[in-house]
>>> print(open('target-v1.txt').read())   # compact mmCIF, C-alpha atoms
# COMPACT_ATOMS: atom_id res chain seq x y z
CA MET U 1399 32.35 126.55 77.96
CA GLN U 1400 34.38 129.46 79.34
CA GLU U 1401 37.60 128.14 77.77
CA GLY U 1402 35.91 128.01 74.36
CA ILE U 1403 34.72 131.59 74.67
CA ALA U 1404 38.15 132.73 75.84
CA ARG U 1405 39.82 131.01 72.87
CA HIS U 1406 37.30 132.55 70.50
CA LEU U 1407 37.91 136.03 71.93
CA GLU U 1408 41.67 135.56 71.68
CA GLN U 1409 41.23 134.60 68.02
CA TRP U 1410 39.13 137.71 67.37
CA LYS U 1411 41.75 139.82 69.12
CA SER U 1412 44.54 138.43 66.98
CA ASP U 1413 42.42 138.88 63.84
CA LEU U 1414 41.72 142.52 64.76
CA GLU U 1415 45.40 143.14 65.38
CA GLY U 1416 46.17 141.58 62.00
CA ALA U 1417 43.64 143.88 60.30
CA TRP U 1418 45.20 146.87 62.07
CA ARG U 1419 48.71 145.87 60.98
CA GLU U 1420 47.61 145.55 57.35
CA ILE U 1421 46.86 149.29 57.19
CA PRO U 1422 49.83 151.04 55.56
CA LYS U 1423 51.71 153.21 58.05
CA ALA U 1424 51.08 156.34 56.01
CA PHE U 1425 47.33 155.89 56.52
CA ARG U 1426 47.34 154.91 60.21
CA ASN U 1427 45.52 157.72 61.91
CA GLU U 1428 42.85 157.46 64.58
CA HIS U 1429 39.92 157.74 62.19
CA SER U 1430 41.13 155.24 59.59
CA VAL U 1431 42.10 152.64 62.19
CA ARG U 1432 38.76 152.97 64.00
CA ARG U 1433 36.71 152.66 60.83
CA THR U 1434 38.80 149.76 59.51
CA LEU U 1435 38.30 147.83 62.74
CA GLN U 1436 34.57 148.61 62.67
CA CYS U 1437 34.32 147.21 59.13
CA PHE U 1438 36.28 144.13 60.14
CA LEU U 1439 34.02 143.53 63.14
CA PHE U 1440 30.96 144.04 60.94
CA GLY U 1441 32.16 141.26 58.65
CA GLU U 1442 33.01 138.95 61.54
CA LEU U 1443 29.65 139.42 63.22
CA ARG U 1444 27.80 138.86 59.93
CA THR U 1445 29.65 135.60 59.32
CA THR U 1446 28.72 134.33 62.78
CA GLY U 1447 25.05 134.96 62.05
CA TYR U 1448 24.37 138.13 64.00
CA ARG U 1449 22.25 140.91 62.56
CA VAL U 1450 24.42 143.99 62.58
CA VAL U 1451 22.91 147.47 62.73
CA ALA U 1452 25.16 150.29 61.55
CA ASP U 1453 25.60 153.32 63.74
CA TYR U 1454 23.86 156.48 62.61
CA MET U 1455 25.72 159.75 62.62
CA PRO U 1456 23.39 162.68 61.88
CA PRO U 1457 24.67 165.47 59.67
CA ARG U 1458 26.53 168.12 61.61
CA ILE U 1459 25.37 171.15 59.65
CA SER U 1460 22.27 171.42 57.52
CA ASP U 1461 23.42 173.83 54.81
CA ARG U 1462 20.51 173.26 52.48
CA PRO U 1463 17.20 171.44 52.48
CA VAL U 1464 17.24 167.80 51.52
>>> encode(input="target-v1.txt", output="structure tokens")
Amino acid sequence: MQEGIARHLEQWKSDLEGAWREIPKAFRNEHSVRRTLQCFLFGELRTTGYRVVADYMPPRISDRPV
């Protein structure tokens, strides 16, 4: 059982590294890499059958009423 999980994690790791390498170098900054990997993980978790809940980031400044 543990070997299967370890192999699966290694596969996810290599898939994440592949997604990171596909980002053009001109666009590789901290924010774009983080969000790209989050989107990739979202897709992977959805395909395995997990229910994924997106993180909520409240607005920083409320300039006007909604």
>>> atom_distance(input="target-v1.txt", atom1="atom CA of Trp1410 of chain U", atom2="atom CA of Glu1442 of chain U")
8.5 Å
>>> atom_distance(input="target-v1.txt", atom1="atom CA of Thr1446 of chain U", atom2="atom CA of Arg1432 of chain U")
21.2 Å
>>> atom_distance(input="target-v1.txt", atom1="atom CA of Leu1414 of chain U", atom2="atom CA of Leu1435 of chain U")
6.6 Å
>>> build_atoms(input="target-v1.txt", residues="segment 1404-1416 of chain U", atoms="N, CA, C and O atoms", output="short mmCIF file (atom, residue, chain, number, x, y, z; two decimals), keeping the file's coordinate frame")
data_model
loop_
_atom_site.label_atom_id
_atom_site.label_comp_id
_atom_site.auth_asym_id
_atom_site.auth_seq_id
_atom_site.Cartn_x
_atom_site.Cartn_y
_atom_site.Cartn_z
N ALA U 1404 36.87 132.03 75.70
CA ALA U 1404 38.15 132.73 75.84
C ALA U 1404 39.02 132.50 74.61
O ALA U 1404 39.65 133.44 74.11
N ARG U 1405 39.04 131.28 74.08
CA ARG U 1405 39.82 131.01 72.87
C ARG U 1405 39.26 131.78 71.68
O ARG U 1405 40.01 132.31 70.86
N HIS U 1406 37.93 131.83 71.60
CA HIS U 1406 37.30 132.55 70.50
C HIS U 1406 37.63 134.04 70.58
O HIS U 1406 37.92 134.68 69.56
N LEU U 1407 37.58 134.61 71.77
CA LEU U 1407 37.91 136.03 71.93
C LEU U 1407 39.37 136.30 71.61
O LEU U 1407 39.70 137.33 71.02
N GLU U 1408 40.25 135.39 72.01
CA GLU U 1408 41.67 135.56 71.68
C GLU U 1408 41.88 135.52 70.16
O GLU U 1408 42.70 136.26 69.63
N GLN U 1409 41.13 134.67 69.47
CA GLN U 1409 41.23 134.60 68.02
C GLN U 1409 40.76 135.89 67.39
O GLN U 1409 41.38 136.41 66.47
N TRP U 1410 39.63 136.44 67.89
CA TRP U 1410 39.13 137.71 67.37
C TRP U 1410 40.14 138.82 67.62
O TRP U 1410 40.36 139.66 66.77
N LYS U 1411 40.75 138.80 68.80
CA LYS U 1411 41.75 139.82 69.12
C LYS U 1411 42.92 139.75 68.15
O LYS U 1411 43.36 140.77 67.62
N SER U 1412 43.41 138.55 67.90
CA SER U 1412 44.54 138.43 66.98
C SER U 1412 44.13 138.80 65.56
O SER U 1412 44.92 139.40 64.82
N ASP U 1413 42.90 138.49 65.16
CA ASP U 1413 42.42 138.88 63.84
C ASP U 1413 42.31 140.39 63.72
O ASP U 1413 42.66 140.98 62.68
N LEU U 1414 41.81 141.06 64.77
CA LEU U 1414 41.72 142.52 64.76
C LEU U 1414 43.10 143.16 64.69
O LEU U 1414 43.31 144.14 63.96
N GLU U 1415 44.04 142.61 65.43
CA GLU U 1415 45.40 143.14 65.38
C GLU U 1415 46.00 142.95 64.00
O GLU U 1415 46.73 143.81 63.50
N GLY U 1416 45.69 141.81 63.36
CA GLY U 1416 46.17 141.58 62.00
C GLY U 1416 45.59 142.58 61.02
O GLY U 1416 46.29 143.08 60.13
#
